[in-house]
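Dropping input_29.pdb in here (PDB, C-alpha atoms and all ligand atoms):
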```pdb
ATOM      1  CA  MET W   1     171.145  77.060 143.867
ATOM      2  CA  GLN W   2     169.174  75.436 141.046
ATOM      3  CA  ASN W   3     170.231  72.139 139.611
ATOM      4  CA  ILE W   4     170.888  73.697 136.209
ATOM      5  CA  ASN W   5     173.528  71.108 135.287
ATOM      6  CA  ASN W   6     171.261  68.076 135.782
ATOM      7  CA  ASP W   7     173.689  66.736 138.345
ATOM      8  CA  ILE W   8     172.590  63.548 140.033
ATOM      9  CA  LEU W   9     174.255  64.784 143.210
ATOM     10  CA  TYR W  10     175.807  68.052 144.243
ATOM     11  CA  CYS W  11     176.888  69.741 147.416
ATOM     12  CA  GLU W  12     177.183  73.390 148.380
ATOM     13  CA  ASN W  13     179.484  74.966 150.935
ATOM     14  CA  ILE W  14     180.061  71.775 152.900
ATOM     15  CA  SER W  15     182.090  72.204 156.058
ATOM     16  CA  LYS W  16     182.819  69.654 158.750
ATOM     17  CA  SER W  17     184.284  69.772 162.208
ATOM     18  CA  TYR W  18     184.053  67.003 164.771
ATOM     19  CA  SER W  19     184.500  69.488 167.608
ATOM     20  CA  PRO W  20     181.643  71.613 168.990
ATOM     21  CA  LYS W  21     184.073  74.503 169.671
ATOM     22  CA  LYS W  22     183.429  77.503 167.440
ATOM     23  CA  ASP W  23     187.078  78.043 166.516
ATOM     24  CA  ALA W  24     187.818  74.330 165.985
ATOM     25  CA  SER W  25     189.742  73.579 162.824
ATOM     26  CA  LEU W  26     187.653  72.307 159.937
ATOM     27  CA  ILE W  27     188.237  68.929 158.310
ATOM     28  CA  LEU W  28     186.325  70.121 155.247
ATOM     29  CA  LYS W  29     186.119  73.795 154.291
ATOM     30  CA  ASP W  30     183.511  75.185 151.943
ATOM     31  CA  VAL W  31     183.401  72.195 149.583
ATOM     32  CA  ASN W  32     181.364  72.499 146.384
ATOM     33  CA  LEU W  33     181.084  69.467 144.121
ATOM     34  CA  HIS W  34     178.959  68.295 141.194
ATOM     35  CA  PHE W  35     178.414  64.737 140.017
ATOM     36  CA  LYS W  36     177.004  63.886 136.600
ATOM     37  CA  PRO W  37     174.723  60.883 136.108
ATOM     38  CA  GLY W  38     176.695  57.870 134.926
ATOM     39  CA  SER W  39     180.107  59.317 135.792
ATOM     40  CA  ILE W  40     183.086  57.816 137.616
ATOM     41  CA  ASN W  41     184.456  60.232 140.235
ATOM     42  CA  LEU W  42     187.583  59.641 142.283
ATOM     43  CA  ILE W  43     188.543  61.172 145.629
ATOM     44  CA  TYR W  44     192.229  61.248 146.574
ATOM     45  CA  GLY W  45     194.086  62.590 149.597
ATOM     46  CA  LYS W  46     196.504  61.612 152.332
ATOM     47  CA  SER W  47     195.406  59.501 155.285
ATOM     48  CA  GLY W  48     193.342  61.675 157.616
ATOM     49  CA  SER W  49     192.651  64.305 154.944
ATOM     50  CA  GLY W  50     188.869  63.797 155.150
ATOM     51  CA  LYS W  51     188.104  61.465 152.232
ATOM     52  CA  SER W  52     185.824  59.101 154.183
ATOM     53  CA  THR W  53     184.218  62.059 155.946
ATOM     54  CA  LEU W  54     183.396  63.651 152.590
ATOM     55  CA  LEU W  55     182.112  60.379 151.106
ATOM     56  CA  ASN W  56     179.914  59.745 154.158
ATOM     57  CA  ILE W  57     178.477  63.263 153.982
ATOM     58  CA  LEU W  58     177.758  62.909 150.245
ATOM     59  CA  ALA W  59     176.075  59.553 150.957
ATOM     60  CA  GLY W  60     174.053  60.966 153.843
ATOM     61  CA  LEU W  61     175.705  58.692 156.408
ATOM     62  CA  GLU W  62     177.058  61.728 158.292
ATOM     63  CA  HIS W  63     175.702  65.236 158.716
ATOM     64  CA  PRO W  64     177.841  68.176 157.608
ATOM     65  CA  THR W  65     178.526  70.974 160.108
ATOM     66  CA  GLY W  66     177.501  73.457 157.401
ATOM     67  CA  GLY W  67     176.205  73.306 153.845
ATOM     68  CA  ASN W  68     173.843  71.038 151.962
ATOM     69  CA  VAL W  69     173.841  67.943 149.779
ATOM     70  CA  TYR W  70     171.292  67.596 146.973
ATOM     71  CA  PHE W  71     170.299  64.279 145.433
ATOM     72  CA  MET W  72     168.215  64.556 142.230
ATOM     73  CA  GLY W  73     167.657  68.218 143.063
ATOM     74  CA  LYS W  74     166.289  67.578 146.573
ATOM     75  CA  ASN W  75     168.047  68.782 149.683
ATOM     76  CA  TYR W  76     169.053  65.446 151.029
ATOM     77  CA  SER W  77     170.998  66.620 154.082
ATOM     78  CA  SER W  78     167.980  68.424 155.552
ATOM     79  CA  MET W  79     165.673  65.410 155.304
ATOM     80  CA  LYS W  80     164.584  63.566 158.431
ATOM     81  CA  ASP W  81     166.769  60.549 159.142
ATOM     82  CA  SER W  82     163.955  58.105 158.318
ATOM     83  CA  LYS W  83     163.303  59.704 154.915
ATOM     84  CA  ALA W  84     167.017  60.018 154.134
ATOM     85  CA  SER W  85     167.449  56.371 155.036
ATOM     86  CA  LYS W  86     164.676  55.409 152.584
ATOM     87  CA  VAL W  87     166.261  57.500 149.822
ATOM     88  CA  ARG W  88     169.614  55.858 150.587
ATOM     89  CA  GLY W  89     168.182  52.329 150.529
ATOM     90  CA  GLU W  90     166.426  52.908 147.217
ATOM     91  CA  ASN W  91     169.118  54.805 145.370
ATOM     92  CA  PHE W  92     172.570  54.209 146.826
ATOM     93  CA  GLY W  93     174.903  51.235 146.988
ATOM     94  CA  PHE W  94     177.902  50.988 149.310
ATOM     95  CA  ILE W  95     181.235  49.219 149.067
ATOM     96  CA  PHE W  96     183.774  49.337 151.896
ATOM     97  CA  GLN W  97     187.417  48.385 152.237
ATOM     98  CA  ALA W  98     186.569  45.622 154.742
ATOM     99  CA  TYR W  99     183.766  44.062 152.587
ATOM    100  CA  HIS W 100     181.335  43.827 155.561
ATOM    101  CA  LEU W 101     179.723  40.558 154.471
ATOM    102  CA  ILE W 102     177.499  38.684 156.929
ATOM    103  CA  PRO W 103     179.619  35.743 158.165
ATOM    104  CA  ARG W 104     176.745  33.335 158.867
ATOM    105  CA  SER W 105     174.924  33.875 155.586
ATOM    106  CA  ASN W 106     175.979  32.238 152.370
ATOM    107  CA  ILE W 107     177.104  34.280 149.372
ATOM    108  CA  LYS W 108     173.725  34.317 147.634
ATOM    109  CA  GLU W 109     172.031  35.509 150.839
ATOM    110  CA  ASN W 110     174.708  38.160 151.252
ATOM    111  CA  ILE W 111     174.102  39.480 147.747
ATOM    112  CA  LEU W 112     170.332  39.481 148.303
ATOM    113  CA  CYS W 113     170.666  41.304 151.635
ATOM    114  CA  PRO W 114     169.414  44.697 150.243
ATOM    115  CA  THR W 115     166.141  43.046 149.173
ATOM    116  CA  TYR W 116     165.447  42.007 152.789
ATOM    117  CA  ILE W 117     166.405  45.398 154.203
ATOM    118  CA  ASN W 118     164.364  47.386 151.680
ATOM    119  CA  SER W 119     161.514  44.851 151.251
ATOM    120  CA  LYS W 120     162.131  44.978 147.510
ATOM    121  CA  LYS W 121     161.970  42.341 144.805
ATOM    122  CA  TYR W 122     165.056  41.898 142.681
ATOM    123  CA  ASP W 123     165.480  41.302 138.992
ATOM    124  CA  LYS W 124     166.548  37.644 138.644
ATOM    125  CA  GLU W 125     168.048  38.135 135.180
ATOM    126  CA  TYR W 126     170.090  41.054 136.469
ATOM    127  CA  PHE W 127     171.246  38.940 139.440
ATOM    128  CA  GLU W 128     172.515  36.335 136.923
ATOM    129  CA  PHE W 129     174.187  39.084 134.912
ATOM    130  CA  LEU W 130     175.947  40.414 138.016
ATOM    131  CA  VAL W 131     177.226  37.075 139.316
ATOM    132  CA  ASN W 132     178.445  36.179 135.824
ATOM    133  CA  ILE W 133     180.209  39.468 135.111
ATOM    134  CA  LEU W 134     181.772  39.419 138.604
ATOM    135  CA  GLY W 135     182.846  35.768 138.246
ATOM    136  CA  ILE W 136     181.184  34.602 141.491
ATOM    137  CA  LYS W 137     178.439  32.310 140.171
ATOM    138  CA  SER W 138     180.197  29.175 141.424
ATOM    139  CA  LEU W 139     180.590  30.640 144.939
ATOM    140  CA  LEU W 140     176.927  31.266 145.793
ATOM    141  CA  LYS W 141     176.578  28.415 148.303
ATOM    142  CA  ARG W 142     179.810  29.142 150.153
ATOM    143  CA  HIS W 143     180.241  31.370 153.197
ATOM    144  CA  PRO W 144     182.409  34.506 153.304
ATOM    145  CA  PHE W 145     185.242  32.793 155.259
ATOM    146  CA  GLU W 146     185.620  30.354 152.352
ATOM    147  CA  LEU W 147     186.420  33.180 149.904
ATOM    148  CA  SER W 148     189.572  35.163 149.155
ATOM    149  CA  GLY W 149     189.600  38.918 149.766
ATOM    150  CA  GLY W 150     189.189  39.647 146.047
ATOM    151  CA  GLU W 151     186.231  37.262 145.833
ATOM    152  CA  GLN W 152     184.626  38.803 148.932
ATOM    153  CA  GLN W 153     184.938  42.258 147.432
ATOM    154  CA  ARG W 154     183.308  41.049 144.184
ATOM    155  CA  VAL W 155     180.416  39.729 146.297
ATOM    156  CA  ALA W 156     180.197  43.121 148.026
ATOM    157  CA  ILE W 157     180.037  44.791 144.604
ATOM    158  CA  ALA W 158     177.169  42.488 143.545
ATOM    159  CA  ARG W 159     175.352  43.342 146.784
ATOM    160  CA  ALA W 160     175.897  47.075 146.219
ATOM    161  CA  MET W 161     174.615  46.869 142.632
ATOM    162  CA  LEU W 162     171.686  44.441 143.152
ATOM    163  CA  LEU W 163     168.871  46.984 143.390
ATOM    164  CA  LYS W 164     170.305  48.988 140.466
ATOM    165  CA  PRO W 165     171.304  52.011 142.548
ATOM    166  CA  SER W 166     171.858  55.274 140.738
ATOM    167  CA  ILE W 167     175.008  55.953 142.790
ATOM    168  CA  VAL W 168     177.569  53.551 144.239
ATOM    169  CA  PHE W 169     179.790  54.971 146.988
ATOM    170  CA  ALA W 170     183.021  53.044 147.508
ATOM    171  CA  ASP W 171     185.535  53.775 150.274
ATOM    172  CA  GLU W 172     188.936  52.330 149.334
ATOM    173  CA  PRO W 173     187.396  49.235 147.726
ATOM    174  CA  THR W 174     190.819  47.849 146.836
ATOM    175  CA  GLY W 175     192.540  48.905 150.065
ATOM    176  CA  ASN W 176     192.878  45.322 151.334
ATOM    177  CA  LEU W 177     193.782  43.730 148.014
ATOM    178  CA  ASP W 178     197.008  42.859 146.212
ATOM    179  CA  SER W 179     197.836  44.494 142.892
ATOM    180  CA  GLU W 180     196.353  41.666 140.788
ATOM    181  CA  ASN W 181     192.993  41.795 142.579
ATOM    182  CA  THR W 182     193.081  45.584 142.568
ATOM    183  CA  GLN W 183     193.354  45.465 138.776
ATOM    184  CA  ILE W 184     190.494  42.925 138.575
ATOM    185  CA  ILE W 185     188.238  45.114 140.747
ATOM    186  CA  THR W 186     189.023  48.342 138.911
ATOM    187  CA  ASP W 187     188.424  46.630 135.538
ATOM    188  CA  LEU W 188     185.071  45.419 136.889
ATOM    189  CA  PHE W 189     184.088  48.927 137.950
ATOM    190  CA  CYS W 190     184.739  50.107 134.397
ATOM    191  CA  LYS W 191     182.813  47.170 132.899
ATOM    192  CA  LEU W 192     179.825  47.658 135.239
ATOM    193  CA  HIS W 193     179.924  51.381 134.612
ATOM    194  CA  LYS W 194     179.698  50.792 130.843
ATOM    195  CA  GLU W 195     176.926  48.168 131.152
ATOM    196  CA  CYS W 196     174.782  49.829 133.848
ATOM    197  CA  ASN W 197     175.630  53.550 133.564
ATOM    198  CA  THR W 198     175.815  53.763 137.353
ATOM    199  CA  THR W 199     177.467  56.804 138.942
ATOM    200  CA  PHE W 200     180.513  55.792 140.965
ATOM    201  CA  ILE W 201     182.080  57.940 143.692
ATOM    202  CA  VAL W 202     185.235  56.172 144.810
ATOM    203  CA  VAL W 203     187.786  57.008 147.497
ATOM    204  CA  THR W 204     191.012  55.379 146.391
ATOM    205  CA  HIS W 205     194.786  55.425 146.448
ATOM    206  CA  GLU W 206     194.965  53.678 143.083
ATOM    207  CA  GLU W 207     195.690  55.654 139.934
ATOM    208  CA  ASN W 208     194.493  53.041 137.436
ATOM    209  CA  LEU W 209     190.875  54.255 137.318
ATOM    210  CA  ILE W 210     191.873  57.772 136.279
ATOM    211  CA  ALA W 211     191.745  57.073 132.525
ATOM    212  CA  ASP W 212     188.015  56.243 132.718
ATOM    213  CA  CYS W 213     186.877  58.851 135.174
ATOM    214  CA  GLU W 214     185.033  62.113 134.726
ATOM    215  CA  GLN W 215     186.410  63.891 137.750
ATOM    216  CA  VAL W 216     189.429  63.622 140.041
ATOM    217  CA  ILE W 217     188.949  65.384 143.368
ATOM    218  CA  ARG W 218     191.905  65.943 145.693
ATOM    219  CA  ILE W 219     191.542  66.946 149.338
ATOM    220  CA  LYS W 220     194.338  68.790 151.077
ATOM    221  CA  ASP W 221     194.080  70.809 154.276
ATOM    222  CA  GLY W 222     190.286  70.559 154.094
ATOM    223  CA  GLU W 223     190.161  72.097 150.642
ATOM    224  CA  ILE W 224     189.268  70.538 147.325
ATOM    225  CA  SER W 225     191.154  70.798 144.073
ATOM    226  CA  PHE W 226     190.436  69.214 140.683
ATOM    227  CA  GLU W 227     192.627  67.809 137.965
TER     228      GLU W 227
HETATM  229  N1  LIG E 301     183.974  60.437 164.461
HETATM  230  C1  LIG E 301     185.063  61.211 164.515
HETATM  231  N2  LIG E 301     185.322  61.980 165.603
HETATM  232  C2  LIG E 301     186.402  62.793 165.634
HETATM  233  N3  LIG E 301     187.288  62.915 164.638
HETATM  234  C3  LIG E 301     187.094  62.173 163.543
HETATM  235  C4  LIG E 301     185.978  61.280 163.411
HETATM  236  N4  LIG E 301     186.039  60.672 162.199
HETATM  237  C5  LIG E 301     187.143  61.159 161.598
HETATM  238  N5  LIG E 301     187.778  62.065 162.400
HETATM  239  C6  LIG E 301     188.993  62.821 162.053
HETATM  240  O1  LIG E 301     188.734  63.519 160.854
HETATM  241  C7  LIG E 301     189.871  63.513 160.004
HETATM  242  C8  LIG E 301     189.479  62.941 158.646
HETATM  243  O2  LIG E 301     189.144  61.577 158.825
HETATM  244  P1  LIG E 301     188.754  60.645 157.594
HETATM  245  O3  LIG E 301     188.408  59.324 158.141
HETATM  246  O4  LIG E 301     187.737  61.336 156.773
HETATM  247  O5  LIG E 301     190.146  60.588 156.784
HETATM  248  P2  LIG E 301     190.532  59.754 155.486
HETATM  249  O6  LIG E 301     191.051  60.722 154.473
HETATM  250  O7  LIG E 301     189.401  58.892 155.080
HETATM  251  O8  LIG E 301     191.747  58.866 156.027
HETATM  252  P3  LIG E 301     192.195  57.372 155.658
HETATM  253  O9  LIG E 301     192.891  57.468 154.300
HETATM  254  O10 LIG E 301     193.163  57.010 156.729
HETATM  255  O11 LIG E 301     190.975  56.502 155.635
HETATM  256  C9  LIG E 301     190.948  62.720 160.742
HETATM  257  O12 LIG E 301     191.807  63.639 161.359
HETATM  258  C10 LIG E 301     190.179  61.910 161.759
HETATM  259  O13 LIG E 301     190.958  61.687 162.917
HETATM  260 MG    MG E 302     189.100  56.801 155.061
END
```
Rewritten as C-alpha cells:
Amino acid sequence: MQNINNDILYCENISKSYSPKKDASLILKDVNLHFKPGSINLIYGKSGSGKSTLLNILAGLEHPTGGNVYFMGKNYSSMKDSKASKVRGENFGFIFQAYHLIPRSNIKENILCPTYINSKKYDKEYFEFLVNILGIKSLLKRHPFELSGGEQQRVAIARAMLLKPSIVFADEPTGNLDSENTQIITDLFCKLHKECNTTFIVVTHEENLIADCEQVIRIKDGEISFE
C-alpha cells in the first residue's frame, strides 16, 4: 500500500499471537491504523486487551506475527534489528508508567541519557525550554529517589523529547499518578504538542486528553474500533 495520506506511521493487517500454535487465539487481529504527523492518538481498552502489545509493535519493540508497520513510508517491521534500533533511537521517544529513570544518575544526566546512547549532540536552548516548560529546572542535581512520582514522570518526558523525536510512544504515562499529577501531565502533553508538533501515541485510561486528540482507538477482543 502506498503512503498516499502522508502518514508518519501506519500499519497494515497486524496480527499477534504469543503462541506458536497455528490455531492459537490472536491478541490482535488484522489491525490497520494511520497516524498523521503532529497528531495526538489515544489507545484504550481493558487490562489484557493488547494495548501495550500494539504500542510495542508500532514502536518496533516487538515483532508482529503478521502484517507490517511503516515509518515515513518505509517498512519498519521488516528491517534488521540493528537498523530498526537506529531508526528508533533517532526518531522515537518513549515514556512508561514506571518512569524507568537511572537511580544512580542525577536528573540532568537522566534527561541527557539519549545523547549518550545515540552519540548525538543536543540542543542546549531546547533543553532549557524543556526543563522550564516541565517545571523541573530546580531538580537537575537531585537523584530520582528524591523526586515525587509526578516529578519523575516529567523528567521522563524531558528525556523522551530531548532529541526532538517525531513520535513519542507513551504506555500509561499517568498510571502511577494521582488525579492532580495526571492533570498536570496531560496538560503538559498538550502544551508540548502545540509547541513541538510531535506525534503522540498514548495508551491511557484517562479521558481528559480526548478533547485534544486526533484519533481514539479502542481495542476489544483483538479488534480495533474508532470513535
Ligand atoms: N510476552 C508475552 N508472552 C505471552 N503472553 C503475553 C506476553 N505479553 C503479553 N501477553 C498477553 O497478551 C495479552 C495482551 O497483553 P498486553 O500487555 O498488551 O495488555 P494491555 O492491554 O497492555 O494490559 P494492561 O492494561 O494490563 O497493561 C494479555 O493476555 C497478556 O497476558
Ligand atoms: Mg499494558
Surrounding residues as a PDB file with C-alpha atoms, in the frame of the given file, ligand MG 302 (chain E), max 12 Å, all atoms listed in the file:
```pdb
ATOM      1  CA  ILE W  43     188.543  61.172 145.629  1.00  0.00           C
ATOM      2  CA  TYR W  44     192.229  61.248 146.574  1.00  0.00           C
ATOM      3  CA  GLY W  45     194.086  62.590 149.597  1.00  0.00           C
ATOM      4  CA  LYS W  46     196.504  61.612 152.332  1.00  0.00           C
ATOM      5  CA  SER W  47     195.406  59.501 155.285  1.00  0.00           C
ATOM      6  CA  GLY W  48     193.342  61.675 157.616  1.00  0.00           C
ATOM      7  CA  SER W  49     192.651  64.305 154.944  1.00  0.00           C
ATOM      8  CA  GLY W  50     188.869  63.797 155.150  1.00  0.00           C
ATOM      9  CA  LYS W  51     188.104  61.465 152.232  1.00  0.00           C
ATOM     10  CA  SER W  52     185.824  59.101 154.183  1.00  0.00           C
ATOM     11  CA  THR W  53     184.218  62.059 155.946  1.00  0.00           C
ATOM     12  CA  LEU W  54     183.396  63.651 152.590  1.00  0.00           C
ATOM     13  CA  LEU W  55     182.112  60.379 151.106  1.00  0.00           C
ATOM     14  CA  ASN W  56     179.914  59.745 154.158  1.00  0.00           C
ATOM     15  CA  PHE W  96     183.774  49.337 151.896  1.00  0.00           C
ATOM     16  CA  GLN W  97     187.417  48.385 152.237  1.00  0.00           C
ATOM     17  CA  ALA W  98     186.569  45.622 154.742  1.00  0.00           C
ATOM     18  CA  ALA W 170     183.021  53.044 147.508  1.00  0.00           C
ATOM     19  CA  ASP W 171     185.535  53.775 150.274  1.00  0.00           C
ATOM     20  CA  GLU W 172     188.936  52.330 149.334  1.00  0.00           C
ATOM     21  CA  PRO W 173     187.396  49.235 147.726  1.00  0.00           C
ATOM     22  CA  GLY W 175     192.540  48.905 150.065  1.00  0.00           C
ATOM     23  CA  VAL W 202     185.235  56.172 144.810  1.00  0.00           C
ATOM     24  CA  VAL W 203     187.786  57.008 147.497  1.00  0.00           C
ATOM     25  CA  THR W 204     191.012  55.379 146.391  1.00  0.00           C
ATOM     26  CA  HIS W 205     194.786  55.425 146.448  1.00  0.00           C
ATOM     27  CA  ILE W 219     191.542  66.946 149.338  1.00  0.00           C
TER      28      ILE W 219
END
```
Please provide as a compact mmCIF listing (two decimals) with C-alpha atoms, keeping the file's coordinate frame all residues within 12 Å of W:Glu195, with the sequence filter that same-chain residues fewer than 2 positions apart are discarded (counting only C-alpha atoms).
```txt
# COMPACT_ATOMS: atom_id res chain seq x y z
CA GLY W 38 176.70 57.87 134.93
CA TYR W 126 170.09 41.05 136.47
CA PHE W 129 174.19 39.08 134.91
CA LEU W 130 175.95 40.41 138.02
CA ILE W 133 180.21 39.47 135.11
CA MET W 161 174.62 46.87 142.63
CA LYS W 164 170.30 48.99 140.47
CA LEU W 188 185.07 45.42 136.89
CA PHE W 189 184.09 48.93 137.95
CA CYS W 190 184.74 50.11 134.40
CA LYS W 191 182.81 47.17 132.90
CA LEU W 192 179.82 47.66 135.24
CA HIS W 193 179.92 51.38 134.61
CA ASN W 197 175.63 53.55 133.56
CA THR W 198 175.82 53.76 137.35
CA THR W 199 177.47 56.80 138.94
```
Handout entry: Coordinates-based distance that separates atom CA of W:Ala211 from atom CA of W:Glu12 (Å, one decimal)
Key = 27.0 Å
Problem - Surrounding residues of stretch 66-75 of chain W excluding itself and chain neighbours under 4 positions, 12 Å, all atoms listed in the file, as a PyMOL selection string - result: chain W and resi 1-18+26-37+54-62+79-80+83-84+87-88+91-92+166-167
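From atom CA of W:Thr186 back to atom CA of W:Leu209, the distance works out to 6.4 Å.
Separating atom CA of W:Ile224 from atom N3 of ligand LIG 301 (chain E) is a distance of 19.0 Å.
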Output stretch 31-61 of chain W as a CSV table (one decimal), keeping the file's coordinate frame, making sure N, CA and C atoms are there.
```csv
chain,number,residue,atom,x,y,z
W,31,VAL,N,183.2,73.1,150.7
W,31,VAL,CA,183.4,72.2,149.6
W,31,VAL,C,182.2,72.2,148.7
W,32,ASN,N,182.4,72.5,147.4
W,32,ASN,CA,181.4,72.5,146.4
W,32,ASN,C,181.7,71.5,145.3
W,33,LEU,N,180.8,70.5,145.1
W,33,LEU,CA,181.1,69.5,144.1
W,33,LEU,C,179.8,69.1,143.3
W,34,HIS,N,180.1,68.7,142.1
W,34,HIS,CA,179.0,68.3,141.2
W,34,HIS,C,179.3,66.9,140.6
W,35,PHE,N,178.2,66.1,140.6
W,35,PHE,CA,178.4,64.7,140.0
W,35,PHE,C,177.4,64.5,138.9
W,36,LYS,N,177.9,64.1,137.8
W,36,LYS,CA,177.0,63.9,136.6
W,36,LYS,C,176.5,62.5,136.6
W,37,PRO,N,175.2,62.3,136.2
W,37,PRO,CA,174.7,60.9,136.1
W,37,PRO,C,175.6,60.0,135.2
W,38,GLY,N,175.9,58.8,135.7
W,38,GLY,CA,176.7,57.9,134.9
W,38,GLY,C,178.2,58.2,134.9
W,39,SER,N,178.7,59.0,135.8
W,39,SER,CA,180.1,59.3,135.8
W,39,SER,C,180.9,58.5,136.8
W,40,ILE,N,182.2,58.4,136.6
W,40,ILE,CA,183.1,57.8,137.6
W,40,ILE,C,183.8,59.0,138.2
W,41,ASN,N,183.8,59.1,139.5
W,41,ASN,CA,184.5,60.2,140.2
W,41,ASN,C,185.4,59.7,141.3
W,42,LEU,N,186.6,60.2,141.3
W,42,LEU,CA,187.6,59.6,142.3
W,42,LEU,C,188.0,60.7,143.3
W,43,ILE,N,188.1,60.3,144.6
W,43,ILE,CA,188.5,61.2,145.6
W,43,ILE,C,189.9,60.7,146.2
W,44,TYR,N,190.9,61.6,146.1
W,44,TYR,CA,192.2,61.2,146.6
W,44,TYR,C,192.6,62.2,147.7
W,45,GLY,N,193.5,61.7,148.5
W,45,GLY,CA,194.1,62.6,149.6
W,45,GLY,C,194.8,61.7,150.6
W,46,LYS,N,195.7,62.4,151.4
W,46,LYS,CA,196.5,61.6,152.3
W,46,LYS,C,195.6,61.0,153.4
W,47,SER,N,196.1,60.1,154.2
W,47,SER,CA,195.4,59.5,155.3
W,47,SER,C,195.0,60.6,156.3
W,48,GLY,N,193.8,60.7,156.7
W,48,GLY,CA,193.3,61.7,157.6
W,48,GLY,C,192.9,63.0,157.0
W,49,SER,N,193.0,63.0,155.6
W,49,SER,CA,192.7,64.3,154.9
W,49,SER,C,191.1,64.6,154.9
W,50,GLY,N,190.3,63.6,155.1
W,50,GLY,CA,188.9,63.8,155.2
W,50,GLY,C,188.1,63.1,154.0
W,51,LYS,N,188.8,62.1,153.4
W,51,LYS,CA,188.1,61.5,152.2
W,51,LYS,C,186.8,60.7,152.7
W,52,SER,N,187.0,59.9,153.7
W,52,SER,CA,185.8,59.1,154.2
W,52,SER,C,184.8,60.0,154.7
W,53,THR,N,185.2,61.1,155.4
W,53,THR,CA,184.2,62.1,155.9
W,53,THR,C,183.4,62.7,154.8
W,54,LEU,N,184.1,63.1,153.7
W,54,LEU,CA,183.4,63.7,152.6
W,54,LEU,C,182.5,62.6,152.0
W,55,LEU,N,183.0,61.4,151.7
W,55,LEU,CA,182.1,60.4,151.1
W,55,LEU,C,180.9,60.1,151.9
W,56,ASN,N,181.1,60.0,153.3
W,56,ASN,CA,179.9,59.7,154.2
W,56,ASN,C,178.9,60.9,154.1
W,57,ILE,N,179.4,62.1,154.0
W,57,ILE,CA,178.5,63.3,154.0
W,57,ILE,C,177.7,63.2,152.7
W,58,LEU,N,178.4,63.0,151.6
W,58,LEU,CA,177.8,62.9,150.2
W,58,LEU,C,176.7,61.8,150.2
W,59,ALA,N,177.0,60.7,150.9
W,59,ALA,CA,176.1,59.6,151.0
W,59,ALA,C,175.0,59.7,152.0
W,60,GLY,N,175.1,60.8,152.8
W,60,GLY,CA,174.1,61.0,153.8
W,60,GLY,C,174.3,60.1,155.1
W,61,LEU,N,175.4,59.5,155.2
W,61,LEU,CA,175.7,58.7,156.4
W,61,LEU,C,176.2,59.6,157.6
```
